[in-house]
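Below: the structure, in structure tokens.
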Amino acid sequence: MAQTAGVKPMAIAGRVQSERERCLGMTDAEKAWRKQWLKDQVLAPNEPVHVEEYWRERTNPIRRFYRAPLDKLFGALTPMLGAERAADYRYITGKLGLIAVGILCAHYYFKYQGNDWTKKGGWRVLKTKPMVLPGQPGFPYKSDRCLPSDYGTRGFKDSPI
């Protein structure tokens, strides 16, 4: 969703937002308004305020569940690292964890759930013949597939049946 939720943004600074407009001249009312507006832009020392109940109401319970371990860990590390650095490390750790889980899932799938003669579906992975150049051992490469029936077996000939 857009920052303004589909409503066109309105500039509250008015005509005096631009330095060029301010140099043209301002009335006393505009000067007072500008002074108050600049004073309102200064945040209090305790802002921004993090309200836990507000955050809990706005976030999905599933998201809170899977974020909890890293939130606890980096909540304890925040006094040592600082808020900004702890938030950066938490973000990087979470992303690296997701990448590691993805790699482990892909490894498991291709090791145990790949396409062979016993399954109808799944990704079929084919191996190409190795590149053997002149001067390397085994140069005139001979395939280990001797008969035409060796091709397209999808692992049937290697089965213990």
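Letters A, B, ... mark the chains of the structure tokens in the order given; residue numbers begin at 1 per chain; ligand numbers begin at 1, in order shown.
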Residues of stretch 65-160 of chain A classed as helix (DSSP H, G or I) by DSSP on the backbone are to be reported as a ChimeraX atom specification. /A:65-81,83-112,148-150
Got a sec: who's within 9 Å of A:Ala86, counting only C-alpha atoms, leaving out chain neighbours fewer than 6 positions off, as a ChimeraX atom specification? /A:74-75,77-80
Those residues with N, CA, C and O atoms, as a PDB file, in the first residue's frame please?
ATOM      1  N   PHE A  74      18.734 -10.541  19.595  1.00  0.00           N
ATOM      2  CA  PHE A  74      19.275  -9.215  19.346  1.00  0.00           C
ATOM      3  C   PHE A  74      18.730  -8.177  20.322  1.00  0.00           C
ATOM      4  O   PHE A  74      19.317  -7.112  20.468  1.00  0.00           O
ATOM      5  N   GLY A  75      17.642  -8.483  21.024  1.00  0.00           N
ATOM      6  CA  GLY A  75      17.209  -7.626  22.120  1.00  0.00           C
ATOM      7  C   GLY A  75      18.230  -7.644  23.250  1.00  0.00           C
ATOM      8  O   GLY A  75      18.502  -6.627  23.881  1.00  0.00           O
ATOM      9  N   LEU A  77      21.436  -8.319  22.733  1.00  0.00           N
ATOM     10  CA  LEU A  77      22.687  -7.767  22.199  1.00  0.00           C
ATOM     11  C   LEU A  77      22.622  -6.263  21.942  1.00  0.00           C
ATOM     12  O   LEU A  77      23.662  -5.635  21.727  1.00  0.00           O
ATOM     13  N   THR A  78      21.430  -5.686  21.962  1.00  0.00           N
ATOM     14  CA  THR A  78      21.278  -4.258  21.653  1.00  0.00           C
ATOM     15  C   THR A  78      22.085  -3.348  22.582  1.00  0.00           C
ATOM     16  O   THR A  78      22.714  -2.406  22.096  1.00  0.00           O
ATOM     17  N   PRO A  79      22.135  -3.585  23.899  1.00  0.00           N
ATOM     18  CA  PRO A  79      22.947  -2.702  24.737  1.00  0.00           C
ATOM     19  C   PRO A  79      24.436  -2.725  24.376  1.00  0.00           C
ATOM     20  O   PRO A  79      25.128  -1.723  24.514  1.00  0.00           O
ATOM     21  N   MET A  80      24.926  -3.851  23.876  1.00  0.00           N
ATOM     22  CA  MET A  80      26.343  -3.944  23.522  1.00  0.00           C
ATOM     23  C   MET A  80      26.629  -3.384  22.127  1.00  0.00           C
ATOM     24  O   MET A  80      27.665  -2.768  21.908  1.00  0.00           O
TER      25      MET A  80
END
Applying 12 Å and only C-alpha atoms, which residues near stretch 124-137 of chain A remain after dropping the ones on its own chain fewer than 5 positions away? List them as a PyMOL selection string. chain A and resi 109-111+113-117+119+142-145+151-155
Write the residues of the selection above to a file with N, CA, C and O atoms, as an mmCIF file, in the first residue's frame.
data_model
loop_
_atom_site.group_PDB
_atom_site.id
_atom_site.type_symbol
_atom_site.label_atom_id
_atom_site.label_comp_id
_atom_site.auth_asym_id
_atom_site.auth_seq_id
_atom_site.Cartn_x
_atom_site.Cartn_y
_atom_site.Cartn_z
ATOM 1 N N TYR A 109 15.771 -32.117 -1.516
ATOM 2 C CA TYR A 109 14.893 -32.484 -2.632
ATOM 3 C C TYR A 109 15.671 -33.241 -3.704
ATOM 4 O O TYR A 109 15.250 -34.307 -4.155
ATOM 5 N N PHE A 110 16.812 -32.702 -4.111
ATOM 6 C CA PHE A 110 17.537 -33.345 -5.201
ATOM 7 C C PHE A 110 18.218 -34.633 -4.767
ATOM 8 O O PHE A 110 18.477 -35.498 -5.592
ATOM 9 N N LYS A 111 18.469 -34.787 -3.469
ATOM 10 C CA LYS A 111 19.091 -36.018 -3.001
ATOM 11 C C LYS A 111 18.062 -37.140 -2.811
ATOM 12 O O LYS A 111 18.317 -38.286 -3.161
ATOM 13 N N GLN A 113 14.272 -36.728 -3.315
ATOM 14 C CA GLN A 113 12.963 -36.644 -3.960
ATOM 15 C C GLN A 113 13.041 -36.396 -5.466
ATOM 16 O O GLN A 113 12.081 -35.983 -6.068
ATOM 17 N N GLY A 114 14.189 -36.602 -6.060
ATOM 18 C CA GLY A 114 14.354 -36.321 -7.493
ATOM 19 C C GLY A 114 13.521 -37.258 -8.359
ATOM 20 O O GLY A 114 12.936 -38.236 -7.911
ATOM 21 N N ASN A 115 13.523 -36.984 -9.643
ATOM 22 C CA ASN A 115 12.763 -37.779 -10.603
ATOM 23 C C ASN A 115 13.558 -39.037 -10.957
ATOM 24 O O ASN A 115 14.701 -38.962 -11.373
ATOM 25 N N ASP A 116 12.938 -40.173 -10.773
ATOM 26 C CA ASP A 116 13.518 -41.429 -11.252
ATOM 27 C C ASP A 116 12.382 -42.315 -11.752
ATOM 28 O O ASP A 116 11.246 -41.878 -11.869
ATOM 29 N N TRP A 117 12.659 -43.572 -12.022
ATOM 30 C CA TRP A 117 11.664 -44.444 -12.644
ATOM 31 C C TRP A 117 10.508 -44.782 -11.703
ATOM 32 O O TRP A 117 9.453 -45.227 -12.160
ATOM 33 N N LYS A 119 8.838 -42.596 -9.772
ATOM 34 C CA LYS A 119 7.936 -41.456 -9.566
ATOM 35 C C LYS A 119 7.460 -40.901 -10.890
ATOM 36 O O LYS A 119 8.157 -40.942 -11.895
ATOM 37 N N LYS A 142 35.112 -42.183 -23.670
ATOM 38 C CA LYS A 142 34.165 -43.207 -24.085
ATOM 39 C C LYS A 142 33.056 -43.233 -23.057
ATOM 40 O O LYS A 142 33.289 -43.276 -21.858
ATOM 41 N N SER A 143 31.839 -43.203 -23.531
ATOM 42 C CA SER A 143 30.685 -43.216 -22.642
ATOM 43 C C SER A 143 30.564 -44.563 -21.957
ATOM 44 O O SER A 143 30.909 -45.599 -22.526
ATOM 45 N N ASP A 144 30.054 -44.561 -20.737
ATOM 46 C CA ASP A 144 29.823 -45.822 -20.031
ATOM 47 C C ASP A 144 28.513 -46.463 -20.477
ATOM 48 O O ASP A 144 28.177 -47.563 -20.054
ATOM 49 N N ARG A 145 27.794 -45.803 -21.346
ATOM 50 C CA ARG A 145 26.557 -46.364 -21.897
ATOM 51 C C ARG A 145 26.915 -47.112 -23.179
ATOM 52 O O ARG A 145 27.223 -46.516 -24.197
ATOM 53 N N TYR A 151 20.262 -45.766 -22.389
ATOM 54 C CA TYR A 151 19.807 -44.384 -22.416
ATOM 55 C C TYR A 151 18.351 -44.299 -21.967
ATOM 56 O O TYR A 151 17.525 -45.145 -22.327
ATOM 57 N N GLY A 152 18.012 -43.292 -21.184
ATOM 58 C CA GLY A 152 16.630 -43.053 -20.765
ATOM 59 C C GLY A 152 16.105 -44.044 -19.749
ATOM 60 O O GLY A 152 14.901 -44.237 -19.635
ATOM 61 N N THR A 153 16.955 -44.692 -18.988
ATOM 62 C CA THR A 153 16.474 -45.675 -18.008
ATOM 63 C C THR A 153 15.989 -45.018 -16.730
ATOM 64 O O THR A 153 15.269 -45.644 -15.969
ATOM 65 N N ARG A 154 16.394 -43.765 -16.483
ATOM 66 C CA ARG A 154 16.004 -43.009 -15.286
ATOM 67 C C ARG A 154 16.301 -43.803 -14.019
ATOM 68 O O ARG A 154 15.556 -43.755 -13.046
ATOM 69 N N GLY A 155 17.407 -44.546 -14.005
ATOM 70 C CA GLY A 155 17.836 -45.263 -12.817
ATOM 71 C C GLY A 155 17.249 -46.650 -12.661
ATOM 72 O O GLY A 155 17.492 -47.318 -11.663
#
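Note that the spacing between atom CA of A:Ala13 and atom CA of A:Glu30 amounts to 10.5 Å.
Residue neighbourhood of A:Leu24, excluding near-sequence residues (fewer than 6 positions): Arg15, Val16 and Ser18 of chain A, at 12 Å, using only C-alpha atoms.
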Just the residues within 10 Å of stretch 32-43 of chain A, please, counting only C-alpha atoms, with nothing from its chain fewer than 2 positions along; format it as a PyMOL selection string. chain A and resi 12-14+16-17+22+26-30+45-48
So which residues touch A:Gly94 within 12 Å, counting only C-alpha atoms, skipping near sequence neighbours fewer than 3 positions away, as an mmCIF file with N, CA, C and O atoms, in the first residue's frame?
data_model
loop_
_atom_site.group_PDB
_atom_site.id
_atom_site.type_symbol
_atom_site.label_atom_id
_atom_site.label_comp_id
_atom_site.auth_asym_id
_atom_site.auth_seq_id
_atom_site.Cartn_x
_atom_site.Cartn_y
_atom_site.Cartn_z
ATOM 1 N N TYR A 66 7.615 -16.302 14.086
ATOM 2 C CA TYR A 66 8.880 -16.667 13.465
ATOM 3 C C TYR A 66 9.962 -15.609 13.680
ATOM 4 O O TYR A 66 11.145 -15.898 13.518
ATOM 5 N N ARG A 67 9.591 -14.399 14.069
ATOM 6 C CA ARG A 67 10.586 -13.370 14.366
ATOM 7 C C ARG A 67 11.065 -13.424 15.818
ATOM 8 O O ARG A 67 12.085 -12.828 16.153
ATOM 9 N N ALA A 68 10.345 -14.134 16.676
ATOM 10 C CA ALA A 68 10.629 -14.122 18.117
ATOM 11 C C ALA A 68 12.057 -14.550 18.475
ATOM 12 O O ALA A 68 12.695 -13.885 19.292
ATOM 13 N N PRO A 69 12.607 -15.649 17.913
ATOM 14 C CA PRO A 69 13.958 -16.044 18.343
ATOM 15 C C PRO A 69 15.021 -14.968 18.086
ATOM 16 O O PRO A 69 15.820 -14.656 18.977
ATOM 17 N N LEU A 70 15.032 -14.398 16.887
ATOM 18 C CA LEU A 70 16.033 -13.370 16.600
ATOM 19 C C LEU A 70 15.743 -12.080 17.354
ATOM 20 O O LEU A 70 16.673 -11.357 17.727
ATOM 21 N N ASP A 71 14.462 -11.770 17.595
ATOM 22 C CA ASP A 71 14.138 -10.584 18.380
ATOM 23 C C ASP A 71 14.687 -10.716 19.799
ATOM 24 O O ASP A 71 15.229 -9.762 20.362
ATOM 25 N N LEU A 73 17.239 -12.680 20.792
ATOM 26 C CA LEU A 73 18.695 -12.681 20.741
ATOM 27 C C LEU A 73 19.249 -11.267 20.580
ATOM 28 O O LEU A 73 20.109 -10.835 21.340
ATOM 29 N N PHE A 74 18.734 -10.541 19.595
ATOM 30 C CA PHE A 74 19.275 -9.215 19.346
ATOM 31 C C PHE A 74 18.730 -8.177 20.322
ATOM 32 O O PHE A 74 19.317 -7.112 20.468
ATOM 33 N N ALA A 87 19.936 -3.855 14.807
ATOM 34 C CA ALA A 87 18.878 -4.027 13.810
ATOM 35 C C ALA A 87 19.467 -4.491 12.473
ATOM 36 O O ALA A 87 18.896 -5.365 11.807
ATOM 37 N N ASP A 88 20.614 -3.927 12.092
ATOM 38 C CA ASP A 88 21.261 -4.356 10.843
ATOM 39 C C ASP A 88 21.703 -5.814 10.926
ATOM 40 O O ASP A 88 21.476 -6.600 9.995
ATOM 41 N N TYR A 89 22.339 -6.197 12.015
ATOM 42 C CA TYR A 89 22.795 -7.578 12.186
ATOM 43 C C TYR A 89 21.616 -8.542 12.236
ATOM 44 O O TYR A 89 21.701 -9.655 11.721
ATOM 45 N N ARG A 90 20.522 -8.124 12.869
ATOM 46 C CA ARG A 90 19.328 -8.976 12.932
ATOM 47 C C ARG A 90 18.778 -9.219 11.540
ATOM 48 O O ARG A 90 18.399 -10.321 11.177
ATOM 49 N N TYR A 91 18.728 -8.181 10.729
ATOM 50 C CA TYR A 91 18.229 -8.289 9.353
ATOM 51 C C TYR A 91 19.110 -9.237 8.539
ATOM 52 O O TYR A 91 18.611 -10.144 7.869
ATOM 53 N N GLY A 97 19.836 -16.827 7.285
ATOM 54 C CA GLY A 97 19.155 -18.035 7.760
ATOM 55 C C GLY A 97 18.159 -18.558 6.738
ATOM 56 O O GLY A 97 18.075 -19.765 6.501
ATOM 57 N N LEU A 98 17.400 -17.650 6.117
ATOM 58 C CA LEU A 98 16.448 -18.082 5.092
ATOM 59 C C LEU A 98 17.166 -18.666 3.877
ATOM 60 O O LEU A 98 16.703 -19.657 3.286
ATOM 61 N N ILE A 99 18.285 -18.080 3.492
ATOM 62 C CA ILE A 99 19.058 -18.617 2.365
ATOM 63 C C ILE A 99 19.585 -20.005 2.703
ATOM 64 O O ILE A 99 19.529 -20.926 1.872
ATOM 65 N N ALA A 100 20.080 -20.194 3.931
ATOM 66 C CA ALA A 100 20.591 -21.502 4.345
ATOM 67 C C ALA A 100 19.489 -22.552 4.349
ATOM 68 O O ALA A 100 19.695 -23.683 3.888
ATOM 69 N N VAL A 101 18.308 -22.196 4.833
ATOM 70 C CA VAL A 101 17.181 -23.138 4.829
ATOM 71 C C VAL A 101 16.802 -23.487 3.390
ATOM 72 O O VAL A 101 16.517 -24.650 3.071
#
Students should find that atom CA of A:Cys146 and atom CA of A:Trp123 are spaced 25.9 Å
